[in-house]
$ cat structure-v9.txt   # compact mmCIF, C-alpha atoms
# COMPACT_ATOMS: atom_id res chain seq x y z
CA MET A 1 0.00 0.00 0.00
CA ALA A 2 1.28 3.48 -0.86
CA GLU A 3 2.59 5.53 2.05
CA ASN A 4 0.01 8.29 1.58
CA CYS A 5 -2.89 6.01 0.68
CA THR A 6 -6.35 7.62 0.87
CA HIS A 7 -8.10 4.26 0.37
CA ASP A 8 -9.84 5.73 -2.68
CA CYS A 9 -8.70 3.35 -5.42
CA SER A 10 -10.75 5.13 -8.08
CA SER A 11 -8.29 8.04 -8.13
CA CYS A 12 -5.08 6.09 -7.62
CA GLY A 13 -2.58 4.67 -10.08
CA GLU A 14 -0.45 2.73 -7.57
CA ASN A 15 0.13 -0.97 -8.17
CA CYS A 16 -0.34 -1.92 -4.54
CA SER A 17 -2.11 -5.07 -3.35
CA SER A 18 -5.11 -3.05 -2.15
CA ARG A 19 -5.81 -1.67 -5.64
CA LYS A 20 -5.33 -5.05 -7.30
CA SER A 21 -7.83 -6.66 -4.96
CA ALA A 22 -10.34 -3.84 -5.15
CA GLY A 23 -12.24 -5.44 -8.01
CA LEU A 24 -12.51 -2.22 -10.00
CA LYS A 25 -13.15 -3.86 -13.37
CA LYS A 26 -16.68 -3.25 -14.61
CA GLU A 27 -18.72 -5.83 -16.44
CA PRO A 28 -19.92 -4.81 -19.90
CA HIS A 29 -23.64 -4.76 -20.66
CA LYS A 30 -25.14 -8.18 -19.98
CA MET A 31 -26.07 -8.50 -23.67
CA SER A 32 -22.61 -7.51 -24.93
CA ASP A 33 -20.05 -9.93 -26.30
CA ILE A 34 -16.51 -8.52 -26.55
CA LYS A 35 -13.50 -10.78 -26.98
CA LYS A 36 -10.52 -8.40 -27.11
CA VAL A 37 -10.01 -4.73 -26.20
CA ILE A 38 -7.10 -2.59 -27.40
CA ALA A 39 -6.67 1.05 -26.38
CA VAL A 40 -5.01 3.54 -28.73
CA VAL A 41 -3.20 6.17 -26.66
CA SER A 42 -0.89 9.14 -27.01
CA GLY A 43 0.94 11.45 -24.65
CA LYS A 44 -0.37 14.56 -26.40
CA GLY A 45 -2.89 15.63 -29.00
CA GLY A 46 -2.32 16.22 -32.69
CA VAL A 47 -0.22 13.13 -33.39
CA GLY A 48 -2.82 11.20 -35.39
CA LYS A 49 -4.14 8.95 -32.63
CA SER A 50 -7.73 8.89 -33.87
CA MET A 51 -6.55 8.33 -37.44
CA THR A 52 -4.49 5.37 -36.26
CA CYS A 53 -7.45 3.98 -34.32
CA ALA A 54 -9.71 4.31 -37.37
CA LEU A 55 -7.17 2.66 -39.68
CA LEU A 56 -6.74 -0.27 -37.28
CA ALA A 57 -10.50 -0.72 -36.96
CA ALA A 58 -11.04 -0.52 -40.72
CA THR A 59 -8.41 -3.14 -41.47
CA ALA A 60 -9.67 -5.40 -38.67
CA GLN A 61 -13.21 -5.30 -40.05
CA ASP A 62 -11.91 -5.86 -43.58
CA SER A 63 -10.03 -8.95 -42.37
CA GLY A 64 -13.30 -10.56 -41.30
CA ARG A 65 -13.24 -9.65 -37.62
CA VAL A 66 -16.34 -8.07 -36.12
CA THR A 67 -14.94 -4.73 -34.99
CA ALA A 68 -16.04 -1.90 -32.72
CA VAL A 69 -14.67 1.52 -31.81
CA MET A 70 -15.41 3.19 -28.50
CA ASP A 71 -14.60 6.88 -28.90
CA ALA A 72 -13.46 7.85 -25.40
CA ASP A 73 -12.34 11.31 -26.52
CA ILE A 74 -15.55 12.92 -25.28
CA THR A 75 -14.60 16.56 -25.85
CA GLY A 76 -12.88 15.99 -29.20
CA PRO A 77 -14.68 13.09 -30.91
CA SER A 78 -13.71 12.44 -34.53
CA ILE A 79 -14.33 8.73 -35.11
CA PRO A 80 -17.90 9.08 -36.50
CA ARG A 81 -16.74 11.59 -39.12
CA MET A 82 -13.93 9.30 -40.30
CA PHE A 83 -16.34 6.40 -40.76
CA GLY A 84 -18.99 8.51 -42.46
CA VAL A 85 -21.43 7.97 -39.61
CA THR A 86 -24.08 10.69 -39.45
CA GLU A 87 -27.07 9.05 -37.78
CA ARG A 88 -27.75 9.26 -34.07
CA ALA A 89 -27.50 6.30 -31.69
CA MET A 90 -30.77 4.63 -30.73
CA GLY A 91 -31.76 2.89 -27.54
CA SER A 92 -34.29 0.46 -26.15
CA GLU A 93 -35.38 -0.69 -22.73
CA ASN A 94 -32.38 -3.03 -22.81
CA GLY A 95 -29.70 -0.43 -23.47
CA ILE A 96 -28.02 1.81 -26.04
CA LEU A 97 -27.26 0.50 -29.52
CA PRO A 98 -24.06 1.58 -31.26
CA VAL A 99 -24.23 3.09 -34.72
CA VAL A 100 -22.90 0.81 -37.45
CA SER A 101 -20.74 2.13 -40.29
CA GLU A 102 -21.22 1.18 -43.92
CA GLY A 103 -18.47 -1.41 -43.58
CA GLY A 104 -19.98 -2.91 -40.41
CA VAL A 105 -17.88 -1.29 -37.66
CA GLN A 106 -19.87 -0.66 -34.48
CA VAL A 107 -19.28 2.89 -33.22
CA MET A 108 -20.15 4.70 -30.01
CA SER A 109 -19.12 8.31 -29.61
CA MET A 110 -20.37 11.48 -28.01
CA ASN A 111 -21.04 12.81 -31.49
CA VAL A 112 -23.67 10.14 -32.20
CA LEU A 113 -25.55 11.31 -29.12
CA LEU A 114 -25.56 15.05 -29.92
CA GLU A 115 -28.09 16.71 -32.18
CA ASN A 116 -25.35 18.90 -33.63
CA GLU A 117 -21.86 17.41 -33.98
CA ALA A 118 -20.31 20.88 -33.56
CA GLU A 119 -21.94 21.35 -30.16
CA PRO A 120 -19.19 21.60 -27.51
CA VAL A 121 -19.15 19.28 -24.52
CA VAL A 122 -18.29 21.59 -21.62
CA TRP A 123 -18.11 19.10 -18.77
CA ARG A 124 -15.89 18.48 -15.79
CA GLY A 125 -13.63 15.44 -15.63
CA SER A 126 -15.81 13.25 -13.42
CA LEU A 127 -18.80 13.56 -15.77
CA ILE A 128 -16.64 12.82 -18.80
CA SER A 129 -15.15 9.73 -17.14
CA GLY A 130 -18.61 8.55 -16.14
CA THR A 131 -19.84 8.86 -19.73
CA VAL A 132 -16.94 6.78 -21.04
CA LEU A 133 -17.72 4.11 -18.47
CA GLN A 134 -21.35 4.10 -19.63
CA PHE A 135 -20.14 3.42 -23.17
CA TRP A 136 -18.86 0.15 -21.71
CA THR A 137 -21.65 -0.76 -19.28
CA ASP A 138 -24.78 0.59 -21.03
CA VAL A 139 -24.06 0.01 -24.73
CA ILE A 140 -24.94 -3.35 -26.30
CA TRP A 141 -21.88 -4.45 -28.30
CA THR A 142 -22.83 -7.43 -30.45
CA GLY A 143 -20.43 -10.29 -31.20
CA VAL A 144 -17.31 -8.09 -31.17
CA ASP A 145 -14.02 -9.84 -31.94
CA ILE A 146 -11.94 -6.75 -31.30
CA MET A 147 -12.77 -3.36 -29.83
CA PHE A 148 -10.50 -0.35 -30.20
CA ILE A 149 -10.80 2.47 -27.68
CA ASP A 150 -9.78 5.87 -29.01
CA MET A 151 -8.46 7.48 -25.84
CA PRO A 152 -8.10 11.21 -25.23
CA PRO A 153 -4.48 12.38 -25.13
CA GLY A 154 -2.52 12.46 -21.91
CA THR A 155 -2.67 10.53 -18.65
CA GLY A 156 -5.65 12.13 -16.90
CA ASP A 157 -9.07 11.10 -15.64
CA VAL A 158 -10.35 9.19 -18.68
CA PRO A 159 -7.25 7.04 -19.30
CA LEU A 160 -7.15 6.22 -15.58
CA THR A 161 -10.85 5.28 -15.60
CA VAL A 162 -10.46 3.11 -18.70
CA PHE A 163 -7.35 1.31 -17.43
CA GLN A 164 -8.90 0.64 -14.04
CA SER A 165 -12.46 -0.18 -15.08
CA ILE A 166 -12.23 -1.94 -18.47
CA PRO A 167 -10.26 -5.16 -19.08
CA ILE A 168 -7.70 -3.85 -21.59
CA ASP A 169 -5.69 -6.51 -23.43
CA GLY A 170 -3.06 -4.03 -24.59
CA VAL A 171 -2.34 -0.54 -25.88
CA ILE A 172 -0.95 0.95 -29.07
CA VAL A 173 1.02 4.16 -28.50
CA VAL A 174 0.95 6.82 -31.22
CA THR A 175 3.71 9.38 -31.59
CA THR A 176 5.50 11.65 -34.06
CA PRO A 177 9.26 12.06 -34.60
CA GLN A 178 9.95 15.16 -32.47
CA ASP A 179 12.09 14.63 -29.36
CA LEU A 180 9.58 16.56 -27.25
CA VAL A 181 6.76 14.24 -28.28
CA GLY A 182 8.96 11.24 -27.51
CA MET A 183 9.43 12.49 -23.96
CA ILE A 184 5.69 12.91 -23.50
CA VAL A 185 4.98 9.49 -25.03
CA GLN A 186 7.25 7.97 -22.40
CA LYS A 187 4.71 9.17 -19.84
CA ALA A 188 1.95 7.22 -21.62
CA ILE A 189 4.14 4.12 -21.73
CA ASN A 190 4.94 4.49 -18.03
CA MET A 191 1.24 4.83 -17.20
CA ALA A 192 0.41 1.63 -19.06
CA THR A 193 3.21 -0.13 -17.16
CA MET A 194 1.88 1.20 -13.85
CA MET A 195 -1.55 -0.17 -14.68
CA ASN A 196 -0.16 -3.58 -15.74
CA VAL A 197 -1.34 -3.17 -19.32
CA PRO A 198 1.06 -4.42 -22.03
CA VAL A 199 2.20 -2.03 -24.77
CA LEU A 200 1.70 -3.98 -28.01
CA GLY A 201 3.46 -1.54 -30.30
CA ILE A 202 4.22 2.01 -31.34
CA VAL A 203 2.94 3.85 -34.41
CA GLU A 204 5.07 6.80 -35.46
CA ASN A 205 2.80 9.01 -37.51
CA MET A 206 4.01 11.72 -39.92
CA SER A 207 7.40 10.01 -39.89
CA TYR A 208 8.40 11.13 -43.37
CA ILE A 209 7.13 12.30 -46.73
CA LYS A 210 8.00 10.56 -49.96
CA CYS A 211 9.26 12.70 -52.83
CA PRO A 212 6.79 12.28 -55.73
CA ASP A 213 9.63 12.56 -58.25
CA CYS A 214 12.48 10.42 -56.92
CA GLY A 215 10.76 8.45 -54.15
CA ARG A 216 13.27 9.53 -51.51
CA LYS A 217 12.01 9.63 -47.93
CA ILE A 218 12.31 13.09 -46.40
CA SER A 219 12.20 13.39 -42.59
CA VAL A 220 10.21 16.62 -42.30
CA PHE A 221 10.20 16.64 -38.49
CA GLY A 222 13.75 15.37 -38.04
CA GLU A 223 15.21 11.92 -37.67
CA SER A 224 13.07 9.34 -35.94
CA GLY A 225 13.84 8.25 -32.40
CA VAL A 226 11.05 5.69 -32.17
CA ASP A 227 13.27 2.64 -32.60
CA ALA A 228 15.44 3.67 -29.65
CA LEU A 229 12.34 4.43 -27.58
CA ALA A 230 10.87 1.01 -28.37
CA LEU A 231 14.14 -0.77 -27.63
CA GLU A 232 14.56 1.04 -24.33
CA ASN A 233 11.09 -0.03 -23.21
CA GLY A 234 11.11 -3.52 -24.73
CA ILE A 235 8.22 -2.71 -27.06
CA PRO A 236 7.81 -4.78 -30.25
CA ASN A 237 6.03 -3.89 -33.48
CA VAL A 238 7.14 -0.42 -34.50
CA VAL A 239 5.69 1.06 -37.68
CA LYS A 240 6.38 4.43 -39.31
CA LEU A 241 3.63 6.08 -41.32
CA PRO A 242 4.29 8.76 -43.95
CA ILE A 243 2.58 12.10 -44.35
CA ASP A 244 -0.03 11.07 -46.90
CA PRO A 245 -2.68 13.48 -48.22
CA GLU A 246 -4.80 10.50 -49.26
CA LEU A 247 -5.24 9.49 -45.61
CA THR A 248 -6.43 12.96 -44.67
CA LYS A 249 -8.76 13.10 -47.65
CA ALA A 250 -10.32 9.72 -46.81
CA ALA A 251 -10.83 10.74 -43.17
CA ASP A 252 -12.37 14.10 -44.05
CA LYS A 253 -14.79 12.46 -46.51
CA GLY A 254 -15.77 9.71 -44.09
CA GLU A 255 -14.27 7.08 -46.36
CA ILE A 256 -11.60 5.58 -44.13
CA GLU A 257 -13.04 2.11 -44.82
CA ASN A 258 -12.66 2.61 -48.57
CA LEU A 259 -8.96 3.39 -48.44
CA LYS A 260 -7.31 1.15 -51.01
CA ASN A 261 -3.90 0.92 -49.35
CA ASN A 262 -4.40 0.88 -45.59
CA PRO A 263 -0.87 1.38 -44.21
CA LEU A 264 -1.68 -0.60 -41.03
CA LYS A 265 -2.98 -3.72 -42.77
CA ASP A 266 0.11 -5.83 -42.06
CA TYR A 267 0.72 -4.16 -38.69
CA LEU A 268 -2.58 -5.44 -37.30
CA SER A 269 -1.61 -9.07 -37.76
CA LYS A 270 1.62 -8.43 -35.84
CA ILE A 271 0.00 -6.89 -32.78
CA LEU A 272 -2.66 -9.61 -32.62
CA LYS A 273 -0.15 -12.46 -32.45

$ encode --input "structure-v9.txt" --output "structure tokens"
Amino acid sequence: MAENCTHDCSSCGENCSSRKSAGLKKEPHKMSDIKKVIAVVSGKGGVGKSMTCALLAATAQDSGRVTAVMDADITGPSIPRMFGVTERAMGSENGILPVVSEGGVQVMSMNVLLENEAEPVVWRGSLISGTVLQFWTDVIWTGVDIMFIDMPPGTGDVPLTVFQSIPIDGVIVVTTPQDLVGMIVQKAINMATMMNVPVLGIVENMSYIKCPDCGRKISVFGESGVDALALENGIPNVVKLPIDPELTKAADKGEIENLKNNPLKDYLSKILK
């Protein structure tokens, strides 16, 4: 037990015996069926975390796995837009039903509950964390082989709630090449380690741009340090994604599932081994 323990495990990240025995994991909805849960995390915003989550979900669904995305970024939800989802979520006396994309991905996000997707969610942390937990306990997820959770950036209330309350099988960490981002990503890795959740891999987004004339890779944001970061932390499965206007175009148009060359297609099979 930590020296300054308050006996409130809900706000604690210590790996003491008291927290482990506290039974904080929440059961999903009684009608849900979810086999595997992977959280997509980042130390800061603007690194392409949601894009990575959407690409992983799209390729998982395309491979024949029943896939779901829980958008835990309550104040900055973008998953519905990427999947071209515009309808609102419906409910019954049994629970809330996720919206299903054209390709069959089950989606739950704050933006499928709002009348206007541009309406801001001006809530305090406890209410936001409670809503994310309801996405797990009150939504009926049907026959899901793999669920991806698009986490908000950082190591605050929502990541802590998800790690403590939902049985996470592993996390994918998203970063970009800058040294500053690498330092912040280390915090996300350390948090996952504290919570006994394995880091399955690292995705370095915006790693380079390919010259359209000669094909040479140009490191716009400087040389990558992701391999050293992965080696230092014993993390397998590193992948470096280029700056690709086609990815942005597909996301903006809600056609992420129609992307012909999903750059994470082969990566998914590696992290699921």

$ closest_atom_pairs --input "structure-v9.txt" --of "region 105-219 of chain A" --to "region 255-270 of chain A" --cutoff "12 Å" --atoms "all atoms listed in the file" --output "Markdown table"
| residue | atom | partner | partner_atom | distance |
| --- | --- | --- | --- | --- |
| A:Val105 | CA | A:Glu257 | CA | 9.3 |
| A:Ile146 | CA | A:Leu268 | CA | 11.2 |
| A:Phe148 | CA | A:Leu268 | CA | 11.8 |
| A:Ile172 | CA | A:Leu268 | CA | 10.5 |
| A:Leu200 | CA | A:Lys270 | CA | 9.0 |
| A:Gly201 | CA | A:Lys270 | CA | 9.0 |
| A:Ile202 | CA | A:Tyr267 | CA | 10.2 |
| A:Val203 | CA | A:Leu264 | CA | 9.2 |
| A:Glu204 | CA | A:Leu264 | CA | 11.5 |
| A:Asn205 | CA | A:Pro263 | CA | 10.8 |

$ atom_distance --input "structure-v9.txt" --atom1 "CA of Asn237 (chain A)" --atom2 "CA of Val41 (chain A)"
15.3 Å

$ closest_residue --input "structure-v9.txt" --among "A:Val226, A:Ala54, A:Leu113, A:Val37" --to "Thr131 (chain A)" --atoms "only C-alpha atoms"
A:Leu113

$ closest_residue --input "structure-v9.txt" --among "A:Val66, A:Ile218, A:Met206, A:Ala251" --to "Ile34 (chain A)" --atoms "all atoms listed in the file"
A:Val66

$ closest_residue --input "structure-v9.txt" --among "A:Val139, A:Ile166, A:Ser50, A:Ser129" --to "Met90 (chain A)" --atoms "only C-alpha atoms"
A:Val139

$ atom_distance --input "structure-v9.txt" --atom1 "CA of Gly84 (chain A)" --atom2 "CA of Leu127 (chain A)"
27.2 Å

$ residues_around --input "structure-v9.txt" --residues "region 186-194 of chain A" --least-positions-apart "2" --cutoff "9 Å" --atoms "only C-alpha atoms" --output "PyMOL selection string"
chain A and resi 13-15+41-43+153-155+160+163+170-171+173+181-184+196-199+229+233

$ closest_residue --input "structure-v9.txt" --among "A:Met147, A:Ile271, A:Ile140, A:Val185" --to "Ala39 (chain A)" --atoms "only C-alpha atoms"
A:Met147

$ residues_near_point --input "structure-v9.txt" --point "(-16.8, 7.0, -27.5)" --cutoff "6 Å" --atoms "all atoms listed in the file" --output "list of chain:residue names"
A:Met70, A:Asp71, A:Ala72, A:Met108, A:Ser109, A:Met110

$ write_last_selection --input "structure-v9.txt" --atoms "C-alpha atoms" --output "short mmCIF file (atom, residue, chain, number, x, y, z; two decimals), in the frame of the given file"
data_model
loop_
_atom_site.label_atom_id
_atom_site.label_comp_id
_atom_site.auth_asym_id
_atom_site.auth_seq_id
_atom_site.Cartn_x
_atom_site.Cartn_y
_atom_site.Cartn_z
CA MET A 70 -15.41 3.19 -28.50
CA ASP A 71 -14.60 6.88 -28.90
CA ALA A 72 -13.46 7.85 -25.40
CA MET A 108 -20.15 4.70 -30.01
CA SER A 109 -19.12 8.31 -29.61
CA MET A 110 -20.37 11.48 -28.01
#

$ atom_distance --input "structure-v9.txt" --atom1 "CA of Asp62 (chain A)" --atom2 "CA of Lys36 (chain A)"
16.7 Å

$ residues_around --input "structure-v9.txt" --residues "Asp157 (chain A)" --least-positions-apart "4" --cutoff "8 Å" --atoms "only C-alpha atoms" --output "PyMOL selection string"
chain A and resi 125-126+129+161

$ closest_residue --input "structure-v9.txt" --among "A:Thr142, A:Leu241, A:Lys217, A:Arg65" --to "Val99 (chain A)" --atoms "only C-alpha atoms"
A:Thr142

$ closest_residue --input "structure-v9.txt" --among "A:Asp138, A:Asp73, A:Glu87, A:Glu93" --to "Pro28 (chain A)" --atoms "only C-alpha atoms"
A:Asp138

$ residues_around --input "structure-v9.txt" --residues "Gly64 (chain A)" --least-positions-apart "2" --cutoff "12 Å" --atoms "all atoms listed in the file" --output "list of chain:residue names"
A:Ala57, A:Ala58, A:Thr59, A:Ala60, A:Gln61, A:Asp62, A:Val66, A:Thr67, A:Gly103, A:Gly104, A:Val105, A:Val144, A:Asp145, A:Ile146

$ write_last_selection --input "structure-v9.txt" --atoms "C-alpha atoms" --output "PDB file, in the frame of the given file"
ATOM      1  CA  ALA A  57     -10.500  -0.720 -36.960  1.00  0.00           C
ATOM      2  CA  ALA A  58     -11.040  -0.520 -40.720  1.00  0.00           C
ATOM      3  CA  THR A  59      -8.410  -3.140 -41.470  1.00  0.00           C
ATOM      4  CA  ALA A  60      -9.670  -5.400 -38.670  1.00  0.00           C
ATOM      5  CA  GLN A  61     -13.210  -5.300 -40.050  1.00  0.00           C
ATOM      6  CA  ASP A  62     -11.910  -5.860 -43.580  1.00  0.00           C
ATOM      7  CA  VAL A  66     -16.340  -8.070 -36.120  1.00  0.00           C
ATOM      8  CA  THR A  67     -14.940  -4.730 -34.990  1.00  0.00           C
ATOM      9  CA  GLY A 103     -18.470  -1.410 -43.580  1.00  0.00           C
ATOM     10  CA  GLY A 104     -19.980  -2.910 -40.410  1.00  0.00           C
ATOM     11  CA  VAL A 105     -17.880  -1.290 -37.660  1.00  0.00           C
ATOM     12  CA  VAL A 144     -17.310  -8.090 -31.170  1.00  0.00           C
ATOM     13  CA  ASP A 145     -14.020  -9.840 -31.940  1.00  0.00           C
ATOM     14  CA  ILE A 146     -11.940  -6.750 -31.300  1.00  0.00           C
TER      15      ILE A 146
END

$ residues_around --input "structure-v9.txt" --residues "Pro242 (chain A)" --least-positions-apart "5" --cutoff "6 Å" --atoms "all atoms listed in the file" --output "list in words"
Met206, Ser207, Tyr208 and Ile209 of chain A

$ build_atoms --input "structure-v9.txt" --residues "region 231-241 of chain A" --atoms "all heavy atoms" --output "short mmCIF file (atom, residue, chain, number, x, y, z; two decimals), in the frame of the given file"
data_model
loop_
_atom_site.label_atom_id
_atom_site.label_comp_id
_atom_site.auth_asym_id
_atom_site.auth_seq_id
_atom_site.Cartn_x
_atom_site.Cartn_y
_atom_site.Cartn_z
N LEU A 231 13.13 0.12 -28.17
CA LEU A 231 14.14 -0.77 -27.63
C LEU A 231 14.35 -0.56 -26.14
O LEU A 231 14.45 -1.51 -25.37
CB LEU A 231 15.47 -0.54 -28.39
CG LEU A 231 16.65 -1.43 -27.98
CD1 LEU A 231 16.33 -2.90 -28.27
CD2 LEU A 231 17.91 -1.00 -28.71
N GLU A 232 14.36 0.71 -25.74
CA GLU A 232 14.56 1.04 -24.33
C GLU A 232 13.46 0.48 -23.45
O GLU A 232 13.69 0.09 -22.29
CB GLU A 232 14.63 2.56 -24.18
CG GLU A 232 14.84 3.04 -22.77
CD GLU A 232 14.86 4.56 -22.68
OE1 GLU A 232 14.97 5.23 -23.73
OE2 GLU A 232 14.75 5.09 -21.55
N ASN A 233 12.24 0.42 -23.99
CA ASN A 233 11.09 -0.03 -23.21
C ASN A 233 10.67 -1.47 -23.53
O ASN A 233 9.67 -1.94 -23.00
CB ASN A 233 9.90 0.91 -23.45
CG ASN A 233 10.10 2.28 -22.85
OD1 ASN A 233 9.84 2.49 -21.67
ND2 ASN A 233 10.57 3.22 -23.66
N GLY A 234 11.43 -2.13 -24.39
CA GLY A 234 11.11 -3.52 -24.73
C GLY A 234 9.79 -3.67 -25.47
O GLY A 234 9.06 -4.65 -25.25
N ILE A 235 9.49 -2.71 -26.33
CA ILE A 235 8.22 -2.71 -27.06
C ILE A 235 8.43 -3.24 -28.48
O ILE A 235 9.26 -2.71 -29.22
CB ILE A 235 7.61 -1.31 -27.11
CG1 ILE A 235 7.35 -0.79 -25.69
CG2 ILE A 235 6.33 -1.29 -27.93
CD1 ILE A 235 6.93 0.66 -25.63
N PRO A 236 7.69 -4.26 -28.89
CA PRO A 236 7.81 -4.78 -30.25
C PRO A 236 6.93 -3.99 -31.22
O PRO A 236 6.23 -3.06 -30.83
CB PRO A 236 7.28 -6.21 -30.11
CG PRO A 236 6.23 -6.09 -29.04
CD PRO A 236 6.75 -5.04 -28.07
N ASN A 237 6.99 -4.36 -32.47
CA ASN A 237 6.03 -3.89 -33.48
C ASN A 237 5.99 -2.38 -33.65
O ASN A 237 5.02 -1.71 -33.32
CB ASN A 237 4.62 -4.40 -33.13
CG ASN A 237 4.56 -5.90 -32.94
OD1 ASN A 237 5.20 -6.63 -33.67
ND2 ASN A 237 3.81 -6.34 -31.95
N VAL A 238 7.07 -1.84 -34.16
CA VAL A 238 7.14 -0.42 -34.50
C VAL A 238 6.81 -0.25 -35.97
O VAL A 238 7.28 -1.00 -36.82
CB VAL A 238 8.55 0.14 -34.21
CG1 VAL A 238 8.67 1.58 -34.72
CG2 VAL A 238 8.86 0.07 -32.73
N VAL A 239 5.99 0.75 -36.28
CA VAL A 239 5.69 1.06 -37.68
C VAL A 239 5.74 2.57 -37.86
O VAL A 239 5.37 3.33 -36.96
CB VAL A 239 4.31 0.51 -38.10
CG1 VAL A 239 3.17 1.18 -37.33
CG2 VAL A 239 4.08 0.66 -39.59
N LYS A 240 6.25 3.00 -39.01
CA LYS A 240 6.38 4.43 -39.31
C LYS A 240 5.50 4.77 -40.49
O LYS A 240 5.65 4.20 -41.57
CB LYS A 240 7.85 4.76 -39.61
CG LYS A 240 8.79 4.44 -38.47
CD LYS A 240 10.24 4.62 -38.86
CE LYS A 240 11.18 4.18 -37.73
NZ LYS A 240 12.60 4.31 -38.11
N LEU A 241 4.57 5.70 -40.27
CA LEU A 241 3.63 6.08 -41.32
C LEU A 241 4.06 7.41 -41.95
O LEU A 241 4.49 8.32 -41.26
CB LEU A 241 2.22 6.23 -40.75
CG LEU A 241 1.60 5.00 -40.09
CD1 LEU A 241 0.16 5.29 -39.72
CD2 LEU A 241 1.69 3.79 -41.00
#
